[in-house]
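A short write-up of the structure that comes next.
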Amino acid sequence: MSVEPHLDPSVRHDMVFLFDVTDGNPNGDPDMSNRPRTDDESGHGLVTDVAIKRKIRNTLPLAADDPERYSIFVEAGHALNTKAAETMSVNKIDTKKKRLTEDELHTARAWLCQRYADIRLFGAVLSTGETKALGQVYGPLQVTNARSIDPVFPQHHTITRITQTTQADIDKGESTEFGGKWTVPYGLYKAELYYSANRATGTGVDSRDLELLYRTLEMMFDHDRSATRGTMTARGLYVFSHDNAFGSAPAHKLIERVDAKLVTDTESPRSFSDYSVSVDDDNLPSGVTLSKLIA
């Protein structure tokens with residue numbers, strides 16, 4: 001049975017993902033008192049690939065509701081060594097072996113890929129603790145840092161709290177405590193995602209994985225609400241699908257077909273309506289189709 005081009009795991013996909021933030025901190029830098037990340041020279045806002053993948057990891061299992069295939073390997077509160085060692089125990093492989101046979105290595109990695117969706121998509125370093133012989137799984141999905149279309153202007157806000165932390169503070173007569181938070185008034189960000197069908201063959205990605213990935217990108221901000229992050233919204237997801245695993249055109253020439261520009265006179269955009277997103281879908285290269293999943 002044929003599948004829609006963007007759901008075909010056996011071909012290459014290049015994706016553009018647009019999202020915005022209003023009065024929030026999309027990705028603070030702990031080395032800068034949690035200030036929103038920016039390019040120091042241009043002032044453009046940045047959201048790391050790690051932050052984007054964290055949101056995908058947190059949301060994908062909710063969309064799937066299938067812990068046998070959509071558990072998460074890199075998960076808060078769970079040791080990686082313990083999870084990696086589980087495949088050795090289940091498949092009766094001696095953890096003391098410094099080198100595994102090809103069959104043992106394939107079996108051990110395949111079990112992890114089958115169970116953990118983030119290993120299937122992103123790969124994982126497994127050579128830790130007692131599982132050094134497992135090496136590394138290279139995932140088919142690569143995510144870039146997201147960069148804002150225009151410079152952003154982070155603002156620091158001093159906040160107060162009327163409840164003291166300790167009784168000693170109260171005894172000293174303190175009535176308030178001060179803190180701070182950073183926000184970006186508004187920023188529209190663009191991230192790129194690249195899917196390699198060749199690597200997907202080794203990790204076992206299927207059409208449902210891709211379908212759930214797209215649903216997760218559309219909905220993940222709705223499951224990651226907090227006062228700190230403000231309002232974050234998915235604004236665009238465009239998938240360029242090739243008709244083969246190698247690809248029919250260079251990725252950058254496809255990615256550049258998606259463009260967002262200010263359409264108002266303001267130099268300080270404050271909403272998505274200040275932008276116009278254009279997608280050049282005329283005369284696509286032979287063998288390439290475009291799916292506008294969020295537009």
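Residues are referred to by chain and number: the chain letter is A, B, ... according to the order shown in the structure tokens, the number counts from 1 in that chain, and ligands are numbered separately from 1 in the order shown.
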Item checked: For Ala76 of chain A: contacts at 12 Å, only C-alpha atoms, fewer than 4 positions along chain excluded, given as a list in words ->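 In the requested format, the answer is Arg54, Arg57, Asn58, Ile72 and Leu80 of chain A.
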Taking only C-alpha atoms into account, produce a table as a tab-separated table in which each residue of segment 41-107 of chain A with an atom at most 12 Å from an atom of segment 217-237 of chain A appears once, together with its shortest atom pair and the distance in Å to one decimal, ordered by chain and rising number.
```
residue	atom	partner	partner_atom	distance
A:Ala51	CA	A:Asp224	CA	11.6
A:Ile52	CA	A:Leu217	CA	9.2
A:Lys53	CA	A:Leu217	CA	9.9
A:Arg54	CA	A:Met220	CA	10.1
A:Lys55	CA	A:Met220	CA	6.3
A:Ile56	CA	A:Met220	CA	6.7
A:Arg57	CA	A:Met220	CA	9.4
A:Asn58	CA	A:Met220	CA	8.0
A:Thr59	CA	A:Met220	CA	5.7
A:Leu60	CA	A:Met220	CA	8.1
A:Pro61	CA	A:Met220	CA	10.9
A:Leu62	CA	A:His223	CA	9.2
A:Ala63	CA	A:Met219	CA	9.1
```
Note to self: Quick one: residues within 7 Å of Tyr138 of chain A, only C-alpha atoms, excluding same-chain residues fewer than 4 positions away - as a PyMOL selection string?
What the structure shows: chain A and resi 123-124+199
Notebook entry, point to check: Which residue gives the smallest distance to Asn25 of chain A among A:Ser2, A:Thr144, A:Gln114, A:Thr183, with only C-alpha atoms counted?
Noted result: A:Thr183
Item checked: Computed interatomic separation between atom CA of Arg109 of chain A and atom CA of Gly135 of chain A (Å) ->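 Atom CA of Gly135 of chain A lies 9.3 Å from atom CA of Arg109 of chain A.
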Checklist line | Computed interatomic separation between atom CA of Gly28 of chain A and atom CA of Gly179 of chain A (Å) | finding: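 Atom-to-atom, atom CA of Gly28 of chain A to atom CA of Gly179 of chain A, that is 15.6 Å.
Distance annotation: of A:Val11, A:Ala260, A:Val143, A:Val47, the residue with the minimal separation from Asn244 of chain A is A:Val11; atom set is only C-alpha atoms.
Residues in contact range of segment 268-282 of chain A, defined as at most 7 Å between only C-alpha atoms, with sequence neighbours fewer than 2 positions away removed, read Pro185, Tyr186, Arg257, Val258, Asp259, Ala260, Lys261, Leu262, Val263, Thr264, Thr266 and Leu284 of chain A.
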Quick one: write out the picked residues with all heavy atoms as a JSON list (two decimals), in the first residue's frame?
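Dumped everything to out07.json:
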```
[["chain", "number", "residue", "atom", "x", "y", "z"],
["A", 185, "PRO", "N", 10.00, 39.86, 24.06],
["A", 185, "PRO", "CA", 8.66, 40.36, 23.76],
["A", 185, "PRO", "C", 8.01, 39.61, 22.61],
["A", 185, "PRO", "O", 6.84, 39.26, 22.66],
["A", 185, "PRO", "CB", 8.90, 41.83, 23.40],
["A", 185, "PRO", "CG", 10.15, 42.19, 24.12],
["A", 185, "PRO", "CD", 11.00, 40.94, 24.10],
["A", 186, "TYR", "N", 8.79, 39.37, 21.54],
["A", 186, "TYR", "CA", 8.29, 38.56, 20.44],
["A", 186, "TYR", "C", 9.46, 38.11, 19.58],
["A", 186, "TYR", "O", 10.42, 38.87, 19.36],
["A", 186, "TYR", "CB", 7.29, 39.31, 19.55],
["A", 186, "TYR", "CG", 6.76, 38.42, 18.45],
["A", 186, "TYR", "CD1", 5.75, 37.50, 18.71],
["A", 186, "TYR", "CD2", 7.31, 38.45, 17.16],
["A", 186, "TYR", "CE1", 5.30, 36.64, 17.73],
["A", 186, "TYR", "CE2", 6.86, 37.59, 16.17],
["A", 186, "TYR", "CZ", 5.86, 36.67, 16.46],
["A", 186, "TYR", "OH", 5.43, 35.80, 15.50],
["A", 257, "ARG", "N", 13.43, 27.98, -0.12],
["A", 257, "ARG", "CA", 12.13, 28.29, -0.72],
["A", 257, "ARG", "C", 11.10, 28.75, 0.31],
["A", 257, "ARG", "O", 10.04, 29.26, -0.06],
["A", 257, "ARG", "CB", 11.59, 27.06, -1.47],
["A", 257, "ARG", "CG", 12.33, 26.75, -2.77],
["A", 257, "ARG", "CD", 11.88, 25.45, -3.38],
["A", 257, "ARG", "NE", 12.43, 25.25, -4.73],
["A", 257, "ARG", "CZ", 11.80, 25.53, -5.87],
["A", 257, "ARG", "NH1", 10.56, 26.00, -5.82],
["A", 257, "ARG", "NH2", 12.37, 25.33, -7.03],
["A", 258, "VAL", "N", 11.39, 28.54, 1.58],
["A", 258, "VAL", "CA", 10.51, 29.01, 2.65],
["A", 258, "VAL", "C", 11.11, 30.28, 3.24],
["A", 258, "VAL", "O", 12.24, 30.26, 3.73],
["A", 258, "VAL", "CB", 10.33, 27.94, 3.75],
["A", 258, "VAL", "CG1", 9.40, 28.46, 4.85],
["A", 258, "VAL", "CG2", 9.79, 26.65, 3.15],
["A", 259, "ASP", "N", 10.35, 31.36, 3.17],
["A", 259, "ASP", "CA", 10.88, 32.65, 3.60],
["A", 259, "ASP", "C", 9.84, 33.39, 4.44],
["A", 259, "ASP", "O", 8.64, 33.32, 4.14],
["A", 259, "ASP", "CB", 11.26, 33.49, 2.38],
["A", 259, "ASP", "CG", 12.03, 34.74, 2.75],
["A", 259, "ASP", "OD1", 12.76, 34.71, 3.74],
["A", 259, "ASP", "OD2", 11.89, 35.76, 2.04],
["A", 260, "ALA", "N", 10.29, 34.07, 5.47],
["A", 260, "ALA", "CA", 9.41, 34.88, 6.31],
["A", 260, "ALA", "C", 9.97, 36.29, 6.37],
["A", 260, "ALA", "O", 11.16, 36.48, 6.62],
["A", 260, "ALA", "CB", 9.31, 34.30, 7.71],
["A", 261, "LYS", "N", 9.11, 37.27, 6.11],
["A", 261, "LYS", "CA", 9.55, 38.66, 6.09],
["A", 261, "LYS", "C", 8.54, 39.55, 6.81],
["A", 261, "LYS", "O", 7.33, 39.28, 6.81],
["A", 261, "LYS", "CB", 9.72, 39.15, 4.65],
["A", 261, "LYS", "CG", 10.89, 38.54, 3.91],
["A", 261, "LYS", "CD", 11.04, 39.16, 2.53],
["A", 261, "LYS", "CE", 12.26, 38.58, 1.81],
["A", 261, "LYS", "NZ", 12.42, 39.16, 0.44],
["A", 262, "LEU", "N", 9.06, 40.64, 7.41],
["A", 262, "LEU", "CA", 8.19, 41.63, 8.02],
["A", 262, "LEU", "C", 7.36, 42.31, 6.93],
["A", 262, "LEU", "O", 7.87, 42.65, 5.87],
["A", 262, "LEU", "CB", 9.02, 42.69, 8.75],
["A", 262, "LEU", "CG", 9.45, 42.38, 10.19],
["A", 262, "LEU", "CD1", 10.38, 43.48, 10.70],
["A", 262, "LEU", "CD2", 8.24, 42.24, 11.10],
["A", 263, "VAL", "N", 6.08, 42.51, 7.23],
["A", 263, "VAL", "CA", 5.22, 43.20, 6.27],
["A", 263, "VAL", "C", 4.68, 44.50, 6.85],
["A", 263, "VAL", "O", 3.85, 45.17, 6.22],
["A", 263, "VAL", "CB", 4.05, 42.29, 5.84],
["A", 263, "VAL", "CG1", 4.56, 41.12, 5.01],
["A", 263, "VAL", "CG2", 3.27, 41.78, 7.03],
["A", 264, "THR", "N", 5.14, 44.86, 8.05],
["A", 264, "THR", "CA", 4.74, 46.12, 8.66],
["A", 264, "THR", "C", 5.96, 47.04, 8.74],
["A", 264, "THR", "O", 7.10, 46.60, 8.58],
["A", 264, "THR", "CB", 4.16, 45.90, 10.07],
["A", 264, "THR", "OG1", 5.16, 45.26, 10.89],
["A", 264, "THR", "CG2", 2.93, 45.01, 10.00],
["A", 266, "THR", "N", 7.06, 48.47, 11.38],
["A", 266, "THR", "CA", 7.70, 48.41, 12.69],
["A", 266, "THR", "C", 9.05, 47.72, 12.63],
["A", 266, "THR", "O", 9.25, 46.79, 11.84],
["A", 266, "THR", "CB", 6.81, 47.69, 13.71],
["A", 266, "THR", "OG1", 7.47, 47.66, 14.99],
["A", 266, "THR", "CG2", 6.54, 46.25, 13.27],
["A", 284, "LEU", "N", 9.32, 22.86, -8.64],
["A", 284, "LEU", "CA", 10.15, 22.07, -7.74],
["A", 284, "LEU", "C", 11.03, 21.12, -8.55],
["A", 284, "LEU", "O", 10.64, 20.68, -9.64],
["A", 284, "LEU", "CB", 9.27, 21.26, -6.78],
["A", 284, "LEU", "CG", 8.57, 22.02, -5.66],
["A", 284, "LEU", "CD1", 7.57, 21.12, -4.96],
["A", 284, "LEU", "CD2", 9.58, 22.56, -4.65]]
```
Notebook entry, point to check: What are the DSSP alpha helix (DSSP H) residues of segment 53-88 of chain A, as a list in words?
Noted result: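 Those in segment 53-88 of chain A that DSSP calls alpha helix (DSSP H) are Lys53, Arg54, Lys55, Ile56, Arg57, Asn58, Thr59, Leu60, Pro61, Leu62, Ala63, Ala64, Leu80, Asn81, Thr82, Lys83, Ala84, Ala85, Glu86, Thr87 and Met88 of chain A.
Within the 12 Å cut-off around Pro151 of chain A, using only C-alpha atoms and omitting residues fewer than 6 positions from it on the same chain, the listed residues are Arg37, Thr38, Asp39, Asp40, Glu41, Ser42, Gly43, His44, Gly45, Leu46, Val184, Pro185, Tyr186, Gly187, Leu188, Tyr189, Leu262, Glu267, Ser268 and Pro269 of chain A.
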Note to self: List the spatial neighbours of Ser291 of chain A as a list in words - criterion: any atom at most 9 Å away, only C-alpha atoms, same-chain residues fewer than 6 positions off excluded.
What the structure shows: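 The filter keeps Pro5, His6, Leu237, Tyr238, Val239, Phe240 and Ser241 of chain A.
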Item checked: Those of segment 89-231 of chain A in DSSP strand (DSSP E or B), formatted as an MDAnalysis selection string -> chainID A and resid 116 123:125 136:138 141:143 146:151 155:161 177:195 226 230:231
